[in-house]
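**Student:** Next comes coords13.cif, mmCIF, C-alpha atoms:
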```
data_query
loop_
_atom_site.label_atom_id
_atom_site.label_comp_id
_atom_site.auth_asym_id
_atom_site.auth_seq_id
_atom_site.Cartn_x
_atom_site.Cartn_y
_atom_site.Cartn_z
CA PRO A 1 28.20 37.52 -26.54
CA ILE A 2 26.95 39.13 -23.34
CA PRO A 3 29.72 39.32 -20.69
CA THR A 4 27.76 38.08 -17.65
CA VAL A 5 25.08 35.50 -17.06
CA GLN A 6 22.92 38.07 -15.27
CA ALA A 7 23.09 40.42 -18.23
CA GLY A 8 21.79 37.63 -20.43
CA ILE A 9 18.91 36.96 -18.06
CA LEU A 10 18.03 40.68 -17.93
CA ALA A 11 17.76 40.68 -21.73
CA ALA A 12 15.56 37.57 -21.91
CA LEU A 13 11.84 37.54 -22.61
CA PRO A 14 9.33 34.67 -22.25
CA GLY A 15 10.23 31.94 -24.72
CA ASP A 16 13.94 32.88 -24.81
CA THR A 17 16.93 30.71 -23.96
CA ILE A 18 20.06 32.16 -22.38
CA LEU A 19 22.92 29.92 -23.54
CA VAL A 20 25.91 30.09 -21.19
CA ARG A 21 29.19 29.30 -22.92
CA PRO A 22 31.98 27.43 -21.10
CA GLY A 23 33.74 29.61 -18.59
CA LEU A 24 33.99 30.64 -14.95
CA TYR A 25 31.35 33.22 -13.98
CA ARG A 26 31.85 34.72 -10.52
CA GLU A 27 28.38 36.06 -9.89
CA SER A 28 25.02 35.42 -8.24
CA ILE A 29 22.04 35.55 -10.55
CA SER A 30 18.27 35.94 -10.30
CA PHE A 31 15.30 36.11 -12.66
CA PRO A 32 13.60 39.53 -12.86
CA ILE A 33 10.57 38.33 -14.84
CA SER A 34 8.62 35.11 -15.46
CA GLY A 35 8.05 33.13 -18.59
CA SER A 36 4.45 32.38 -19.50
CA ALA A 37 2.15 29.54 -20.50
CA LEU A 38 1.39 31.33 -23.76
CA LEU A 39 4.88 32.46 -24.86
CA GLY A 40 6.98 29.79 -23.17
CA TYR A 41 9.60 29.25 -20.50
CA ILE A 42 12.63 31.42 -19.91
CA THR A 43 15.46 28.88 -20.05
CA LEU A 44 18.95 29.25 -18.61
CA ARG A 45 21.05 26.56 -20.28
CA GLY A 46 24.70 25.93 -19.54
CA GLU A 47 27.00 24.31 -22.05
CA PRO A 48 29.51 21.81 -20.59
CA GLY A 49 32.01 23.82 -18.58
CA ALA A 50 29.64 26.70 -17.77
CA ILE A 51 30.44 27.31 -14.09
CA LEU A 52 28.81 29.74 -11.70
CA ASP A 53 31.38 30.30 -8.97
CA GLY A 54 30.60 31.87 -5.62
CA THR A 55 34.08 33.23 -4.92
CA GLY A 56 33.46 36.88 -4.10
CA ALA A 57 29.80 36.61 -5.12
CA GLY A 58 26.56 36.60 -3.08
CA SER A 59 25.03 33.94 -0.86
CA ASN A 60 22.93 32.21 -3.56
CA GLY A 61 24.09 30.87 -6.88
CA ILE A 62 20.73 31.12 -8.65
CA ARG A 63 17.61 32.60 -7.07
CA ILE A 64 14.05 32.22 -8.37
CA SER A 65 11.67 34.28 -6.24
CA SER A 66 7.96 34.26 -7.11
CA ARG A 67 8.69 33.61 -10.77
CA ASN A 68 6.94 31.15 -13.07
CA TYR A 69 7.81 29.16 -16.18
CA ILE A 70 11.57 29.07 -15.55
CA ARG A 71 14.05 26.36 -16.56
CA VAL A 72 17.61 26.00 -15.24
CA VAL A 73 19.50 23.31 -17.14
CA GLY A 74 23.11 22.14 -17.28
CA MET A 75 24.77 24.68 -14.98
CA GLU A 76 27.62 23.93 -12.61
CA ILE A 77 27.31 25.87 -9.35
CA GLN A 78 30.17 25.83 -6.88
CA ASN A 79 32.00 27.53 -4.02
CA PHE A 80 29.20 29.52 -2.44
CA LYS A 81 30.76 29.60 1.01
CA GLY A 82 30.63 31.80 4.08
CA SER A 83 28.26 33.19 6.69
CA GLY A 84 24.50 33.38 6.22
CA THR A 85 22.53 30.57 4.63
CA ARG A 86 24.35 29.61 1.43
CA ILE A 87 22.28 28.00 -1.35
CA GLY A 88 23.30 26.71 -4.76
CA ILE A 89 19.83 27.05 -6.33
CA SER A 90 17.18 28.85 -4.26
CA VAL A 91 13.44 28.99 -4.98
CA ASP A 92 11.01 30.89 -2.73
CA GLY A 93 7.73 32.73 -2.65
CA SER A 94 4.98 31.47 -4.97
CA SER A 95 7.02 30.22 -7.93
CA SER A 96 5.46 27.65 -10.26
CA HIS A 97 6.10 25.66 -13.43
CA LEU A 98 9.82 25.19 -12.78
CA VAL A 99 12.31 22.76 -14.28
CA ILE A 100 15.66 22.29 -12.49
CA ARG A 101 17.51 19.69 -14.56
CA ASN A 102 21.00 18.26 -15.05
CA ASN A 103 22.81 20.82 -12.89
CA ARG A 104 25.90 20.07 -10.81
CA VAL A 105 25.97 21.68 -7.38
CA HIS A 106 28.96 21.26 -5.08
CA HIS A 107 31.01 22.89 -2.33
CA ILE A 108 28.15 24.94 -0.95
CA GLU A 109 29.24 25.59 2.61
CA ASN A 110 28.69 27.47 5.82
CA PRO A 111 31.29 26.33 8.36
CA THR A 112 29.33 27.69 11.34
CA GLY A 113 25.73 27.84 10.07
CA ASN A 114 23.41 26.40 7.42
CA ALA A 115 23.56 25.75 3.69
CA HIS A 116 21.58 23.96 0.97
CA GLY A 117 22.46 22.54 -2.40
CA ILE A 118 18.98 23.12 -3.88
CA ALA A 119 16.15 24.56 -1.76
CA PHE A 120 12.46 25.30 -2.29
CA TYR A 121 10.84 27.43 0.42
CA GLY A 122 7.10 27.91 -0.10
CA THR A 123 6.62 31.10 1.89
CA SER A 124 3.53 32.54 0.18
CA SER A 125 -0.18 31.76 0.50
CA THR A 126 0.08 30.69 -3.16
CA PRO A 127 2.08 27.47 -3.22
CA ILE A 128 5.25 26.69 -5.10
CA SER A 129 3.83 24.16 -7.54
CA ASP A 130 4.38 22.12 -10.70
CA ILE A 131 8.06 21.42 -10.11
CA LEU A 132 10.47 19.02 -11.80
CA VAL A 133 13.86 18.49 -10.16
CA ASP A 134 15.57 15.91 -12.36
CA GLY A 135 19.05 14.60 -13.05
CA ASN A 136 20.98 16.98 -10.80
CA GLU A 137 24.09 16.12 -8.82
CA ILE A 138 24.63 17.58 -5.33
CA ARG A 139 27.90 16.62 -3.66
CA ASN A 140 30.57 17.70 -1.18
CA CYS A 141 28.45 20.27 0.65
CA LYS A 142 28.75 21.34 4.30
CA LEU A 143 25.19 21.98 5.37
CA GLY A 144 24.99 22.57 9.11
CA SER A 145 21.44 21.78 10.25
CA SER A 146 20.07 22.00 6.69
CA GLU A 147 19.72 19.67 3.70
CA SER A 148 21.23 18.83 0.32
CA LEU A 149 17.86 19.07 -1.48
CA VAL A 150 14.81 20.34 0.39
CA LEU A 151 11.16 21.17 -0.29
CA ASN A 152 9.85 23.08 2.73
CA GLY A 153 6.54 24.80 3.48
CA ASN A 154 3.79 25.53 0.98
CA VAL A 155 5.03 23.30 -1.85
CA THR A 156 2.85 20.95 -3.90
CA ASP A 157 2.74 18.89 -7.09
CA PHE A 158 6.38 17.99 -7.56
CA THR A 159 8.60 15.32 -9.06
CA VAL A 160 12.09 14.78 -7.65
CA SER A 161 13.70 12.24 -9.97
CA ASN A 162 16.98 10.73 -11.08
CA ASN A 163 19.17 12.96 -8.94
CA LEU A 164 22.60 11.89 -7.66
CA ILE A 165 23.21 13.13 -4.12
CA HIS A 166 26.29 12.06 -2.22
CA ASP A 167 29.11 12.89 0.18
CA ASN A 168 27.28 15.64 2.06
CA ASP A 169 27.24 16.11 5.84
CA ASN A 170 23.47 16.24 6.33
CA ILE A 171 20.19 14.99 4.85
CA GLY A 172 20.11 14.05 1.17
CA ILE A 173 16.47 14.72 0.18
CA ASP A 174 13.93 16.22 2.60
CA PHE A 175 10.20 17.02 2.39
CA ILE A 176 9.33 19.27 5.33
CA GLY A 177 6.22 20.61 7.04
CA PHE A 178 5.19 22.61 10.09
CA GLU A 179 8.33 24.71 10.49
CA GLY A 180 6.44 27.98 10.01
CA THR A 181 7.83 28.43 6.52
CA GLY A 182 4.41 28.65 4.86
CA PRO A 183 1.02 29.87 6.09
CA ALA A 184 -0.90 27.81 8.65
CA GLY A 185 -2.94 25.12 6.95
CA SER A 186 -0.61 24.95 3.93
CA ASP A 187 2.75 24.63 5.65
CA GLN A 188 3.85 21.24 4.32
CA ALA A 189 5.40 19.72 1.22
CA ARG A 190 2.73 17.50 -0.32
CA ASN A 191 1.41 15.63 -3.35
CA GLY A 192 4.67 14.59 -4.93
CA ILE A 193 6.87 11.78 -6.20
CA CYS A 194 10.48 10.99 -5.27
CA VAL A 195 11.65 8.45 -7.85
CA GLY A 196 14.83 6.99 -9.28
CA ASN A 197 17.28 8.95 -7.15
CA THR A 198 20.63 7.62 -5.95
CA VAL A 199 21.70 8.85 -2.50
CA PHE A 200 24.86 7.68 -0.73
CA ASN A 201 27.53 8.67 1.78
CA ILE A 202 25.26 11.00 3.73
CA SER A 203 26.41 11.39 7.33
CA SER A 204 26.39 14.03 10.06
CA LEU A 205 29.32 12.36 11.86
CA ASN A 206 31.75 15.20 11.09
CA ASN A 207 29.14 17.97 10.98
CA PRO A 208 29.83 20.47 13.81
CA ALA A 209 26.08 21.08 14.24
CA TYR A 210 25.59 17.49 15.45
CA GLY A 211 28.53 16.96 17.78
CA GLY A 212 29.43 13.53 16.41
CA GLU A 213 25.84 12.22 16.24
CA ARG A 214 25.04 10.12 13.18
CA SER A 215 21.45 11.01 12.25
CA ALA A 216 21.45 12.19 8.63
CA ASP A 217 18.84 10.58 6.38
CA GLY A 218 19.30 9.66 2.77
CA ILE A 219 15.62 10.47 2.16
CA TYR A 220 13.49 12.08 4.88
CA VAL A 221 9.83 13.09 5.13
CA ASP A 222 9.44 15.42 8.11
CA GLY A 223 5.84 16.59 8.14
CA GLY A 224 5.15 15.97 4.44
CA ARG A 225 1.91 14.48 3.09
CA GLY A 226 0.82 12.44 0.09
CA ILE A 227 4.30 11.48 -1.17
CA VAL A 228 5.42 8.38 -3.06
CA ILE A 229 9.07 7.35 -2.59
CA GLU A 230 9.91 4.67 -5.14
CA LYS A 231 12.71 3.05 -7.12
CA ASN A 232 15.44 4.95 -5.27
CA ARG A 233 18.81 3.51 -4.32
CA VAL A 234 20.01 4.66 -0.89
CA TYR A 235 23.19 3.34 0.68
CA ASN A 236 25.84 4.13 3.30
CA CYS A 237 23.78 6.83 5.02
CA ASP A 238 23.21 7.31 8.75
CA ILE A 239 19.52 6.47 8.14
CA GLY A 240 18.28 5.20 4.79
CA ILE A 241 14.67 6.40 4.50
CA GLU A 242 12.83 8.00 7.44
CA LEU A 243 9.19 9.05 7.81
CA ALA A 244 8.66 11.21 10.87
CA SER A 245 7.43 14.50 12.23
CA GLU A 246 9.53 16.61 14.55
CA HIS A 247 6.55 18.67 15.74
CA GLN A 248 4.23 17.38 18.46
CA GLY A 249 0.67 16.80 17.29
CA LYS A 250 1.61 17.10 13.60
CA ASN A 251 1.60 14.26 11.07
CA THR A 252 3.78 12.88 8.37
CA GLU A 253 0.88 11.27 6.53
CA ASP A 254 -0.07 9.18 3.49
CA ILE A 255 3.44 8.14 2.51
CA THR A 256 4.23 5.16 0.29
CA VAL A 257 7.78 3.74 0.28
CA ARG A 258 7.95 1.09 -2.43
CA SER A 259 10.42 -0.72 -4.66
CA ASN A 260 13.50 0.97 -3.18
CA PHE A 261 16.88 -0.63 -2.47
CA VAL A 262 18.30 0.55 0.86
CA SER A 263 21.53 -0.80 2.28
CA GLY A 264 24.24 -0.31 4.86
CA SER A 265 22.61 2.37 7.01
CA TYR A 266 24.31 3.22 10.29
CA GLN A 267 20.93 3.09 12.06
CA ALA A 268 18.00 1.18 10.51
CA ASN A 269 17.49 1.13 6.76
CA ILE A 270 13.85 2.32 6.98
CA MET A 271 12.43 4.16 9.99
CA ALA A 272 9.07 5.70 10.87
CA GLY A 273 7.68 7.72 13.75
CA GLY A 274 8.83 10.66 15.85
CA TYR A 275 12.22 10.23 17.50
CA ALA A 276 10.75 10.90 20.97
CA SER A 277 7.36 10.48 22.61
CA ASN A 278 6.72 14.23 22.56
CA LYS A 279 7.38 14.54 18.83
CA GLY A 280 4.94 14.11 15.94
CA ASN A 281 3.18 11.20 14.28
CA ALA A 282 3.59 8.93 11.25
CA VAL A 283 0.12 8.10 9.90
CA ASN A 284 -0.97 5.85 7.04
CA ILE A 285 2.46 4.60 6.00
CA ARG A 286 3.02 1.88 3.38
CA ILE A 287 6.42 0.16 3.23
CA VAL A 288 6.06 -2.33 0.38
CA ASN A 289 8.13 -4.19 -2.20
CA ASN A 290 11.47 -2.84 -0.98
CA THR A 291 14.76 -4.68 -0.64
CA THR A 292 16.96 -3.76 2.32
CA TRP A 293 20.41 -5.05 3.17
CA GLN A 294 22.22 -5.08 6.50
CA GLY A 295 21.25 -1.97 8.36
CA THR A 296 23.61 -1.69 11.32
CA SER A 297 20.62 -1.39 13.67
CA GLY A 298 18.04 -3.43 11.76
CA GLU A 299 16.01 -3.24 8.59
CA VAL A 300 12.82 -1.44 9.72
CA ALA A 301 12.45 0.43 13.01
CA LEU A 302 9.32 2.11 14.33
CA GLN A 303 9.98 4.88 16.83
CA TYR A 304 7.07 6.76 18.47
CA ASN A 305 3.51 7.63 17.48
CA CYS A 306 2.97 5.47 14.39
CA ASN A 307 -0.63 4.79 13.41
CA GLY A 308 -1.51 2.63 10.43
CA VAL A 309 1.70 1.12 9.05
CA LEU A 310 1.74 -1.62 6.42
CA ILE A 311 4.99 -3.57 5.96
CA ALA A 312 4.45 -6.06 3.14
CA ASN A 313 6.15 -7.89 0.27
CA ASN A 314 9.65 -6.71 1.20
CA ILE A 315 12.97 -8.58 1.16
CA PHE A 316 14.93 -8.03 4.38
CA ARG A 317 18.55 -9.29 4.44
CA ALA A 318 19.74 -8.53 7.97
CA ARG A 319 22.94 -8.63 9.97
CA SER A 320 23.16 -11.72 12.15
CA SER A 321 23.10 -9.57 15.31
CA GLN A 322 20.02 -7.46 14.52
CA ALA A 323 16.32 -8.38 14.35
CA TYR A 324 14.70 -7.46 11.06
CA LEU A 325 11.81 -5.43 12.52
CA GLN A 326 12.33 -3.36 15.65
CA ASN A 327 10.17 -1.32 18.01
CA TRP A 328 12.27 1.52 19.40
CA GLY A 329 9.52 3.54 21.06
CA GLY A 330 5.84 3.43 21.94
CA ASN A 331 2.31 4.45 21.03
CA ASN A 332 2.58 2.49 17.78
CA ARG A 333 -0.84 1.25 16.63
CA SER A 334 -2.41 -0.64 13.72
CA ILE A 335 0.83 -2.20 12.50
CA THR A 336 0.26 -4.79 9.75
CA VAL A 337 3.11 -7.06 8.65
CA ARG A 338 2.67 -9.71 5.96
CA ASN A 339 4.30 -11.59 3.09
CA ASN A 340 7.89 -10.49 3.72
CA LEU A 341 11.02 -12.52 3.07
CA TYR A 342 13.65 -12.64 5.82
CA HIS A 343 17.24 -13.83 5.74
CA GLY A 344 20.47 -13.37 7.68
CA GLN A 345 19.26 -13.26 11.28
CA SER A 346 16.47 -15.40 12.77
CA ALA A 347 14.99 -18.19 10.66
CA SER A 348 11.71 -18.09 12.59
CA SER A 349 10.98 -14.57 13.89
CA PRO A 350 10.84 -11.17 12.15
CA GLY A 351 11.53 -9.43 15.46
CA ASP A 352 9.24 -7.13 17.43
CA TRP A 353 6.31 -7.47 14.99
CA SER A 354 4.81 -10.74 13.81
CA ASP A 355 4.27 -11.50 10.12
CA THR A 356 1.05 -13.24 9.03
CA ASN A 357 2.74 -15.01 6.12
CA PRO A 358 6.54 -14.87 6.42
CA THR A 359 9.14 -16.56 4.25
CA PHE A 360 12.57 -17.35 5.68
CA ALA A 361 14.88 -18.03 2.75
CA ASP A 362 18.00 -16.78 1.00
CA PRO A 363 16.99 -14.06 -1.49
CA ARG A 364 20.22 -14.72 -3.40
CA LEU A 365 21.15 -11.10 -3.78
CA VAL A 366 24.02 -10.49 -6.20
CA ASN A 367 26.57 -7.79 -5.34
CA PRO A 368 24.35 -5.89 -2.89
#
```
Could I get this structure in the form of structure tokens?

**Tutor:**
Amino acid sequence: PIPTVQAGILAALPGDTILVRPGLYRESISFPISGSALLGYITLRGEPGAILDGTGAGSNGIRISSRNYIRVVGMEIQNFKGSGTRIGISVDGSSSHLVIRNNRVHHIENPTGNAHGIAFYGTSSTPISDILVDGNEIRNCKLGSSESLVLNGNVTDFTVSNNLIHDNDNIGIDFIGFEGTGPAGSDQARNGICVGNTVFNISSLNNPAYGGERSADGIYVDGGRGIVIEKNRVYNCDIGIELASEHQGKNTEDITVRSNFVSGSYQANIMAGGYASNKGNAVNIRIVNNTTWQGTSGEVALQYNCNGVLIANNIFRARSSQAYLQNWGGNNRSITVRNNLYHGQSASSPGDWSDTNPTFADPRLVNP
């Protein structure tokens, strides 16, 4: 047996698997070479009880920087705490053909700055691409102004699926653009699927970076493009699912939110548009076939600068005090609402937007 995980990685060639036996490994690791399409992936595989612990180690648990054909499977990554941006699993540069699967990431913390559970930063002119992030758990992280799981910058062709993300003090899953992470013209996460994830207990209430404000999303698209968000379960978050752009003149665009169950959000369960008039736009948004339950401030809220929003075939079970559909801002155009079912508040009006074919009836939800 090789005494450290990094020593095993240094010995690996394309096609090899580094098997990490149960134990506590106090080290930060990185991949010095890539796998290949011809010879195969380099795979880091943890057996149950294989723990990468950040006590006395570096700022990142696992770093993949401009490497291709890499798999990280079954590792537990914990206790990367301190100053600087702390990250459980970090991917940057132009990495491609990556599988991040069935890892457990927790207690990644920066008490006065930023941290991430799993982060992809597409910083190169060649995008980070062909990514699978599946079956991971990210919990109990203190993130500052950052996110539990993020794809930021020049990132394309991804699947984020079946992850369990909970009890963190900022955003659960985030697809980001226009922050200057990637080169101009390619600086947005795009062309991906977010499917089958469970996200709950996400709140910035006790996050020092937010001063008591509750604005953390379960799933957030901030400047992303061409993303399908489907079959996710999101509950007890500050905001359930939000589609917005924080940068004036920039779009979150071509987003489909379908067949999700979103419940118990502190604000609205589904939101779209920039949070102020001088922020960005939400363009070509489809909110279809979802079920939402009792958002504290409504079921769907449009903020500012929405253009081309379809809200159709959803079930909205509202609080008695809150209209189902709400207009919180302005400059919202081409809003189409049809064929939704409404229950719990008005029996005749959806709220601020009219529905061409509404149904007001009890959806008979069981154990929402």

**Student:** Could you state the separation of CA of Ser124 in chain A and CA of Ile171 in chain A in Å, given to one decimal place?

**Tutor:**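 Interatomic distance, CA of Ser124 in chain A to CA of Ile171 in chain A: 24.6 Å.
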
**Student:** Applied to the shown file, which residues does the PyMOL selection byres ((chain A and resi 181) around 7) return, written as a VMD selection string?

**Tutor:** chain A and resid 121 to 123 152 to 153 179 to 180 182 to 183 187

**Student:** Do a neighbour search on Gln294 in chain A at 12 Å with all atoms listed in the file, toss out local chain neighbours closer than 4 positions, and write the hits as number ranges by chain.

**Tutor:** A: 235-236, 239-240, 261-270, 298-300, 315-324, 342-345, 365, 368

**Student:** I need the residue nearest His106 in chain A from this list: A:Asp167, A:Asp134, A:Glu246, A:Glu27. Use all atoms listed in the file for the distance.

**Tutor:**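 Closest candidate: A:Asp167.
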
**Student:** Find, counting all atoms listed in the file, the residue in A:Ala50, A:Ile128, A:Ile9, A:Ile18 that gets nearest to Arg190 in chain A.

**Tutor:** A:Ile128

**Student:** Selection in question (the file shown): the PyMOL selection byres ((chain A and resi 5) around 12). Which residues does it include, as a ChimeraX atom specification?

**Tutor:** /A:1-4,6-12,17-31,44-46,50-53,61-62,75

**Student:** Tell me, as a ChimeraX atom specification, which residues lie within 9 Å of Trp353 in chain A, counting only C-alpha atoms; anything in the same chain fewer than 3 positions away does not count.

**Tutor:** /A:325-327,335-337,349-350

**Student:** Around the point (11.9, 22.8, -13.1), in the coordinates given by the file, pick out the residues reaching within 8 Å, counting all atoms listed in the file, and return them as a ChimeraX atom specification.

**Tutor:** /A:70-72,97-101,130-134

**Student:** For a quick check of understanding, using all atoms listed in the file, which of A:Gly308, A:Gly58, A:Pro363, A:Gly249 has the smallest distance to Thr291 in chain A?

**Tutor:**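 Among the listed residues, A:Pro363 lies closest to Thr291 in chain A.
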
**Student:** Restricting the calculation to all atoms listed in the file, which member of A:Val105, A:Ala282, A:Val221, A:Ile255 is positioned closest to Asn332 in chain A?

**Tutor:**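 Of A:Val105, A:Ala282, A:Val221, A:Ile255, the one nearest Asn332 in chain A is A:Ala282, counting all atoms listed in the file.
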
**Student:** Please expand the PyMOL selection byres ((chain A and resi 251) around 12) into the concrete residues it hits in this file, giving the result as number ranges by chain.

**Tutor:** A: 176-178, 187-190, 221-226, 243-250, 252-255, 272-274, 279-285, 304-307

**Student:** For a quick check of understanding, using only C-alpha atoms, which of A:Ser334, A:Ser59, A:Ser354, A:Asn367 has the smallest distance to Trp293 in chain A?

**Tutor:**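 That would be A:Asn367, the residue with the smallest distance to Trp293 in chain A.
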
**Student:** Would you mind reading off the distance between CA of Ile42 in chain A and CA of Gly93 in chain A, one decimal, in Å?

**Tutor:**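 Going from CA of Ile42 in chain A over to CA of Gly93 in chain A covers 18.0 Å.
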
**Student:** Provide the CA of Asn154 in chain A to CA of Asp92 in chain A distance in Å, to one decimal place.

**Tutor:**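 That distance, rounded to one decimal, is 9.7 Å.
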
**Student:** Using only C-alpha atoms, which of A:Gly49, A:Gly218, A:Pro208, A:Gly192 sits nearest Thr256 in chain A?

**Tutor:** A:Gly192

**Student:** Report as CSV the residues of range 209-297 of chain A within 12 Å of range 139-146 of chain A, each with its shortest atom pair and distance in Å (one decimal), using all atoms listed in the file, ordered by chain and increasing residue number.

**Tutor:**
```
residue,atom,partner,partner_atom,distance
A:Ala209,CA,A:Gly144,CA,5.5
A:Tyr210,CA,A:Ser145,CA,7.9
A:Gly211,CA,A:Gly144,CA,10.9
A:Ser215,CA,A:Ser145,CA,11.0
A:Ala216,CA,A:Ser145,CA,9.7
A:Asp217,CA,A:Ser146,CA,11.5
```

**Student:** With a distance cut-off of 9 Å and all atoms listed in the file, select the neighbouring residues of Asn232 in chain A, excluding the residue or stretch itself and same-chain residues fewer than 2 positions from it, and output the selection as a VMD selection string.

**Tutor:** chain A and resid 161 to 162 194 to 199 229 to 230 234 258 to 262

**Student:** With all atoms of range 256-264 of chain A from the file as input, state the centre and edge lengths in Å to one decimal of the axis-aligned box that has 4 Å extra on each side, as JSON.

**Tutor:**
```
{"center_x": 14.2, "center_y": 2.2, "center_z": 0.1, "size_x": 28.0, "size_y": 14.0, "size_z": 17.5}
```

**Student:** Can range 92-98 of chain A be brought up to all heavy atoms and written out as a PDB file, in the frame of the given file?

**Tutor:**
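Generated output (selection07.pdb):
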```
ATOM      1  N   ASP A  92      11.872  30.498  -3.850  1.00  0.00           N
ATOM      2  CA  ASP A  92      11.010  30.890  -2.730  1.00  0.00           C
ATOM      3  C   ASP A  92       9.794  31.616  -3.247  1.00  0.00           C
ATOM      4  O   ASP A  92       9.613  31.809  -4.451  1.00  0.00           O
ATOM      5  CB  ASP A  92      11.793  31.730  -1.710  1.00  0.00           C
ATOM      6  CG  ASP A  92      12.337  33.021  -2.292  1.00  0.00           C
ATOM      7  OD1 ASP A  92      11.543  33.857  -2.768  1.00  0.00           O
ATOM      8  OD2 ASP A  92      13.568  33.211  -2.286  1.00  0.00           O
ATOM      9  N   GLY A  93       8.936  32.001  -2.299  1.00  0.00           N
ATOM     10  CA  GLY A  93       7.730  32.730  -2.650  1.00  0.00           C
ATOM     11  C   GLY A  93       6.658  31.823  -3.208  1.00  0.00           C
ATOM     12  O   GLY A  93       6.346  30.774  -2.644  1.00  0.00           O
ATOM     13  N   SER A  94       6.102  32.210  -4.368  1.00  0.00           N
ATOM     14  CA  SER A  94       4.980  31.470  -4.970  1.00  0.00           C
ATOM     15  C   SER A  94       5.331  30.971  -6.362  1.00  0.00           C
ATOM     16  O   SER A  94       4.482  30.920  -7.243  1.00  0.00           O
ATOM     17  CB  SER A  94       3.747  32.375  -5.031  1.00  0.00           C
ATOM     18  OG  SER A  94       4.016  33.534  -5.802  1.00  0.00           O
ATOM     19  N   SER A  95       6.575  30.634  -6.597  1.00  0.00           N
ATOM     20  CA  SER A  95       7.020  30.220  -7.930  1.00  0.00           C
ATOM     21  C   SER A  95       6.303  28.954  -8.389  1.00  0.00           C
ATOM     22  O   SER A  95       5.940  28.097  -7.588  1.00  0.00           O
ATOM     23  CB  SER A  95       8.526  29.980  -7.914  1.00  0.00           C
ATOM     24  OG  SER A  95       9.222  31.126  -7.467  1.00  0.00           O
ATOM     25  N   SER A  96       6.120  28.839  -9.721  1.00  0.00           N
ATOM     26  CA  SER A  96       5.460  27.650 -10.260  1.00  0.00           C
ATOM     27  C   SER A  96       5.968  27.348 -11.661  1.00  0.00           C
ATOM     28  O   SER A  96       6.602  28.187 -12.305  1.00  0.00           O
ATOM     29  CB  SER A  96       3.932  27.850 -10.297  1.00  0.00           C
ATOM     30  OG  SER A  96       3.587  28.817 -11.275  1.00  0.00           O
ATOM     31  N   HIS A  97       5.682  26.125 -12.110  1.00  0.00           N
ATOM     32  CA  HIS A  97       6.100  25.660 -13.430  1.00  0.00           C
ATOM     33  C   HIS A  97       7.618  25.869 -13.592  1.00  0.00           C
ATOM     34  O   HIS A  97       8.080  26.675 -14.400  1.00  0.00           O
ATOM     35  CB  HIS A  97       5.318  26.349 -14.540  1.00  0.00           C
ATOM     36  CG  HIS A  97       3.855  26.039 -14.489  1.00  0.00           C
ATOM     37  ND1 HIS A  97       2.959  26.830 -13.790  1.00  0.00           N
ATOM     38  CD2 HIS A  97       3.143  25.019 -15.019  1.00  0.00           C
ATOM     39  CE1 HIS A  97       1.752  26.315 -13.909  1.00  0.00           C
ATOM     40  NE2 HIS A  97       1.833  25.199 -14.638  1.00  0.00           N
ATOM     41  N   LEU A  98       8.359  25.091 -12.797  1.00  0.00           N
ATOM     42  CA  LEU A  98       9.820  25.190 -12.780  1.00  0.00           C
ATOM     43  C   LEU A  98      10.431  23.862 -13.174  1.00  0.00           C
ATOM     44  O   LEU A  98       9.954  22.799 -12.769  1.00  0.00           O
ATOM     45  CB  LEU A  98      10.301  25.565 -11.378  1.00  0.00           C
ATOM     46  CG  LEU A  98       9.714  26.834 -10.751  1.00  0.00           C
ATOM     47  CD1 LEU A  98      10.268  27.018  -9.355  1.00  0.00           C
ATOM     48  CD2 LEU A  98       9.987  28.056 -11.608  1.00  0.00           C
TER      49      LEU A  98
END
```
